[in-house]
Structures are given as structure tokens and as C-alpha cells.
Amino acid sequence: MQRYFLPALAVSVVMAGSAAAQTIELAPLAETRLRYEHVEQDLPRDSNAVTMRVRAGVVAKRSRLFALIEGEGTLAIGTEYFDGLEGDTGRPIVADPQNVEFNRAQIAYTIPDRATLTVGRQYLILADQRFVGAAKFRQNAQTFDAVRAQATLAPKLTLDVSYAWSVRTINGIDGRGARPQAVSGDNVFALLGYASPIGTLTGFAYLVDADEAAYQGYRLSSQTYGVRLAGKRALGGGYSVDYVASYARQSDYAHNPNDYAADYWLGEAKLSRRAVSATIGYEVLGADDGRALTSVQTPFGAVFGFQGWADKFTTTPADGVRDVYAGVGARWPELGRARGVELSAFVHHYDSDRRVRSYGDELNLLASATLGGVTWSARYADYMADRFGADTRKVWLTAEWAL
């Protein structure tokens with residue numbers, strides 16, 4: 001089905017445009033990202049990856065109908081790295097393979113302030129993207145061949161339900177085996193949100209059907225049910241606090257041969273005054289009995305940004321992981337000629353959830369600003385291993401531009 005879906009969708013959009021061009025509003029899409037990523041790890045050689053990603057497309061609008069087509073290409077300029085599929089296996093992985101593909105192709109129909117129905121290849125960015133997200137940090141983002149319905153059921157009540165039959169991974173068109181191009185399955189994601197006086201309370205269900213034998217032998221299929229509260233309060237004196245609390249229970253689903261159940265917890269608070277903020281948080285991806293892939297897994301989430309930037313826990317260890325983190329940051333809308341200036345520093349301490357033992361510590365640093373339409377950023381991650389993984393240091397230098 002998916003082989004013919006996107007070409008048919010593209011043709012339908014073009015035909016709609018030619019039939020009623022005088023009533024259709026067109027807008028171009030264009031963006032590019034140039035990035036250098038350096039990785040030091042316990043391997044014979046370091047990785048030095050220079051990659052450029054370009055996306056281009058068009059958005060068409062007519063009354064309540066919206067259509068989008070976007071292509072994407074990633075070029076490896078500096079190839080001293082292993083992308084997980086090709087390259088020098090004696091170097092650390094930088095998961096940005098060369099790639100050319102349709103990134104998005106979708107049609108949506110909207111009833112203002114009431115409902116939106118979207119069909120096609122699209123980003124699914126749900127809640128904080130912990131369980132379902134676009135993984136936009138990588139050059140090739142994660143997209144979903146899906147149908148998504150969003151509706152306002154009452155003034156403070158919203159419903160968001162998606163059915164995805166294919167998840168297009170960050171591995172691109174050459175993905176294969178354990179790093180597939182796409183993962184098929186009957187996935188259902190549902191969120192019911194209520195705007196309460198203390199914040200948005202959301203009940204969620206993520207039914208992940210990773211229906212590819214080569215992709216961990218179906219063992220990433222899971223059902224996760226939980227609740228999340230996110231809010232913000234003014235404290236006086238110019239101070240405010242943002243807070244998040246979440247709990248979920250995950251267990252095996254569909255063809256998963258494992259029989260397991262594990263808990264997920266998150267608590268985070270950020271205190272802010274003017275440009276400066278301080279954050280403290282605690283996240284637990286729980287374990288069951290210590291067998292591989294019987295801890296809380298998030299294969300379709302946007303992994304980067306959770307549990308540090310060094311990507312040591314993209315697959316949750318068999319004994320789970322507890323992450324205690326704290327950080328400070330500052331953001332200025334304008335600072336001289338620069339816009340969106342951001343500085344931050346975070347530290348993490350990791351332990352296992354089962355048979356509690358230290359995994360290690362991590363330091364994350366970020367500096368970012370927009371000058372002349374280009375956003376420049378520098379990131380640094382330093383993972384200091386204890387009884388898990390290997391010492392890892394990463395540096396990213398990035399320049400991004402978008403219409």
C-alpha cells in the first residue's frame with residue numbers, strides 16, 4: 001500500500017492545483033542545515049562528520065483544505081564516521097546517512113476551532129515527544145504514514161487520535177535490518193486533554209506495533225497508558241515556575257514475545273525570572289525482571305534531549321534507567337544584533353532502576369543565536385561512564401536557515 005500512496009497523493013495535489021489555481025494560495029518551503037559532529041569514544045578512531053541537509057517543498061491552501069509536499073536530501077561532505085549502515089565501523093556512529101526521499105506529503109481538512117483531519121506522511125509531535133515524536137535533531141527526521149484526527153470536544157476538552165501504518169525512521173532510504181528504512185505495523189496513539197486550573201491534564205495511550213522481525217524481533221512492540229500534568233504558575237516578584245508530572249505503565253503488545261510490565265515516571269520544575277531559569281528533574285524508565293527489552297522502551301520517541309545528548313540510552317538498558325538532572329539557562333529575544341540568544345548548562349546522574357547501581361554522569365552545554373537569518377549553535381556532551389557504556393564526548397557546530 002505505502003509503495004503507491006505517496007505518488008498518488010502528490011498527483012492529487014498537483015491536479016487540485018491545476019483545476020482551481022485561481023483560488024489556491026501557494027507558499028514555498030525551504031530550509032537547510034550544515035553540521036559538523038565530532039565524537040570521541042572507546043574505539044580506534046574518532047568520528048568527524050560534516051553533513052548538509054536540504055528540504056524544499058510547497059504548501060497549498062484553499063478554504064479549509066491544506067496540502068503539503070516536501071522533499072529532503074542529506075549529503076555527507078566529510079565521511080570520517082560510521083552512519084550505522086555504511087562507513088568505517090572502527091569509528092563511533094553518527095546516525096546521519098546520505099539520503100534522498102519524500103520527507104512529508106499530506107492533506108488536511110480543518111473546521112476552525114473544532115477539528116482537523118490530516119492524512120499522509122507527516123510529523124507526529126505528541127506531548128513532549130517522549131513516546132511519539134519527529135526526532136528532528138537528526139538530519140533525516142522521523143515521519144509517520146498516518147491518519148490523524150484532532151478535535152475540540154468542549155471548551156476545555158481536546159482529543160488527538162492517530163493511526164500510523166508505517167514509521168519512516170532516521171535511517172533513510174538505504175535503511176535495512178536492525179536499522180530499517182521503515183517499520184510497519186498497526187500503531188494507535190490517543191491523547192485526551194483537559195485544561196484544568198492547575199495545568200493541562202492529559203490521559204494518553206500509545207499502542208506501538210513494531211511489526212518487523214529484523215527490528216529487535218518484535219520486542220519493541222508495547223502498550224503504554226498514562227497521565228501527564230503540565231502547567232505554569234506566577235509566584236510574584238517576577239518569578240514563575242513551569243512544572244511537569246507524568247506516570248505511565250508499559251507492557252508487551254501485539255507480537256512481542258516478551259511478557260513484561262514496567263513503570264515510567266517524570267517530575268520536572270523550572271524556576272524563571274526574566275531571561276534566567278533553573279531546572280531540576282527526575283525521570284525513570286523502569287525495569288521488570290532484567291531481561292533485555294523488558295524495561296520501558298520509546299522506539300518512536302524523539303530520543304535526543306532526554307537523558308542527555310550523548311545518546312547512551314537510546315535503547316533502555318535491561319535494568320532500566322533513573323536520571324536525576326539539573327541545569328541553568330538564559331535566553332534573550334534580542335541581544336544587540338542577535339536574536340534568540342540562548343545559553344544553557346545541564347548535568348545528569350544516571351542509575352539503574354533495578355538493582356540500583358551507578359551508570360555514570362553527563363555534562364551538556366549549549367550556546368545558540370540567530371544572526372542575519374542564520375541560526376548558529378554549538379553543543380557539547382561529555383558522558384563519564386561508571387558501570388555502563390564507555391566514556392563519550394561529542395561536539396556539534398551547526399548553521400541553520402529556513403524561509
# chains A, B, ... in the order shown; residues from 1 in each chain; ligands from 1

call {"tool": "closest_atom_pairs", "arguments": {"of": "region 60-110 of chain A", "to": "region 384-399 of chain A", "cutoff": "12 Å", "atoms": "only C-alpha atoms", "output": "tab-separated table"}}
result
residue	atom	partner	partner_atom	distance
A:Pro92	CA	A:Thr392	CA	9.4
A:Ile93	CA	A:Lys394	CA	11.2
A:Val94	CA	A:Lys394	CA	10.1

call {"tool": "write_last_selection", "arguments": {"atoms": "N, CA and C atoms", "output": "CSV table (one decimal), in the first residue's frame"}}
result
chain,number,residue,atom,x,y,z
A,92,PRO,N,32.9,5.8,15.9
A,92,PRO,CA,31.6,5.9,16.6
A,92,PRO,C,30.5,6.2,15.6
A,93,ILE,N,29.3,5.8,15.9
A,93,ILE,CA,28.1,6.1,15.0
A,93,ILE,C,27.7,7.6,15.1
A,94,VAL,N,27.5,8.2,13.9
A,94,VAL,CA,26.8,9.4,13.7
A,94,VAL,C,25.7,9.1,12.8

call {"tool": "residues_around", "arguments": {"residues": "Ala115 (chain A)", "least_positions_apart": "6", "cutoff": "9 Å", "atoms": "only C-alpha atoms", "output": "PyMOL selection string"}}
result
chain A and resi 109+149-153

call {"tool": "write_last_selection", "arguments": {"atoms": "N, CA and C atoms", "output": "PDB file, in the first residue's frame"}}
result
ATOM      1  N   TYR A 109      -7.811  18.685   6.309  1.00  0.00           N
ATOM      2  CA  TYR A 109      -9.067  19.438   6.238  1.00  0.00           C
ATOM      3  C   TYR A 109      -9.379  19.948   7.637  1.00  0.00           C
ATOM      4  N   ALA A 149      -6.554  12.664  13.658  1.00  0.00           N
ATOM      5  CA  ALA A 149      -7.753  13.470  13.901  1.00  0.00           C
ATOM      6  C   ALA A 149      -7.588  14.223  15.206  1.00  0.00           C
ATOM      7  N   GLN A 150      -7.756  15.549  15.153  1.00  0.00           N
ATOM      8  CA  GLN A 150      -7.686  16.405  16.332  1.00  0.00           C
ATOM      9  C   GLN A 150      -9.004  17.146  16.458  1.00  0.00           C
ATOM     10  N   ALA A 151      -9.576  17.143  17.656  1.00  0.00           N
ATOM     11  CA  ALA A 151     -10.888  17.763  17.825  1.00  0.00           C
ATOM     12  C   ALA A 151     -10.997  18.431  19.181  1.00  0.00           C
ATOM     13  N   THR A 152     -11.757  19.536  19.210  1.00  0.00           N
ATOM     14  CA  THR A 152     -12.139  20.181  20.462  1.00  0.00           C
ATOM     15  C   THR A 152     -13.532  19.692  20.810  1.00  0.00           C
ATOM     16  N   LEU A 153     -13.622  18.884  21.869  1.00  0.00           N
ATOM     17  CA  LEU A 153     -14.895  18.271  22.234  1.00  0.00           C
ATOM     18  C   LEU A 153     -15.755  19.197  23.088  1.00  0.00           C
TER      19      LEU A 153
END

call {"tool": "atom_distance", "arguments": {"atom1": "CA of Tyr264 (chain A)", "atom2": "CA of Gln181 (chain A)"}}
result
28.4 Å

call {"tool": "residues_around", "arguments": {"residues": "Glu342 (chain A)", "least_positions_apart": "4", "cutoff": "6 Å", "atoms": "only C-alpha atoms", "output": "NGL selection string"}}
result
:A and (330-331 or 367-368)

call {"tool": "write_last_selection", "arguments": {"atoms": "N, CA and C atoms", "output": "PDB file, in the first residue's frame"}}
result
ATOM      1  N   ALA A 330      19.776  30.722  30.142  1.00  0.00           N
ATOM      2  CA  ALA A 330      19.384  32.114  29.920  1.00  0.00           C
ATOM      3  C   ALA A 330      19.004  32.265  28.456  1.00  0.00           C
ATOM      4  N   ARG A 331      17.955  33.048  28.208  1.00  0.00           N
ATOM      5  CA  ARG A 331      17.505  33.284  26.831  1.00  0.00           C
ATOM      6  C   ARG A 331      17.071  34.727  26.690  1.00  0.00           C
ATOM      7  N   ALA A 367      25.224  26.842  23.322  1.00  0.00           N
ATOM      8  CA  ALA A 367      25.199  28.271  23.006  1.00  0.00           C
ATOM      9  C   ALA A 367      24.584  28.411  21.617  1.00  0.00           C
ATOM     10  N   SER A 368      23.590  29.303  21.477  1.00  0.00           N
ATOM     11  CA  SER A 368      22.868  29.425  20.213  1.00  0.00           C
ATOM     12  C   SER A 368      22.410  30.862  20.009  1.00  0.00           C
TER      13      SER A 368
END

call {"tool": "closest_residue", "arguments": {"among": "A:Ala127, A:Val208, A:Ser166, A:Glu283", "to": "Ala230 (chain A)", "atoms": "only C-alpha atoms"}}
result
A:Ala127

call {"tool": "residues_around", "arguments": {"residues": "Leu26 (chain A)", "least_positions_apart": "3", "cutoff": "10 Å", "atoms": "only C-alpha atoms", "output": "NGL selection string"}}
result
:A and (17 or 21 or 23 or 29 or 58-62 or 67-68)

call {"tool": "atom_distance", "arguments": {"atom1": "CA of Val132 (chain A)", "atom2": "CA of Ala269 (chain A)"}}
result
22.1 Å

call {"tool": "atom_distance", "arguments": {"atom1": "CA of Arg168 (chain A)", "atom2": "CA of Thr314 (chain A)"}}
result
17.0 Å
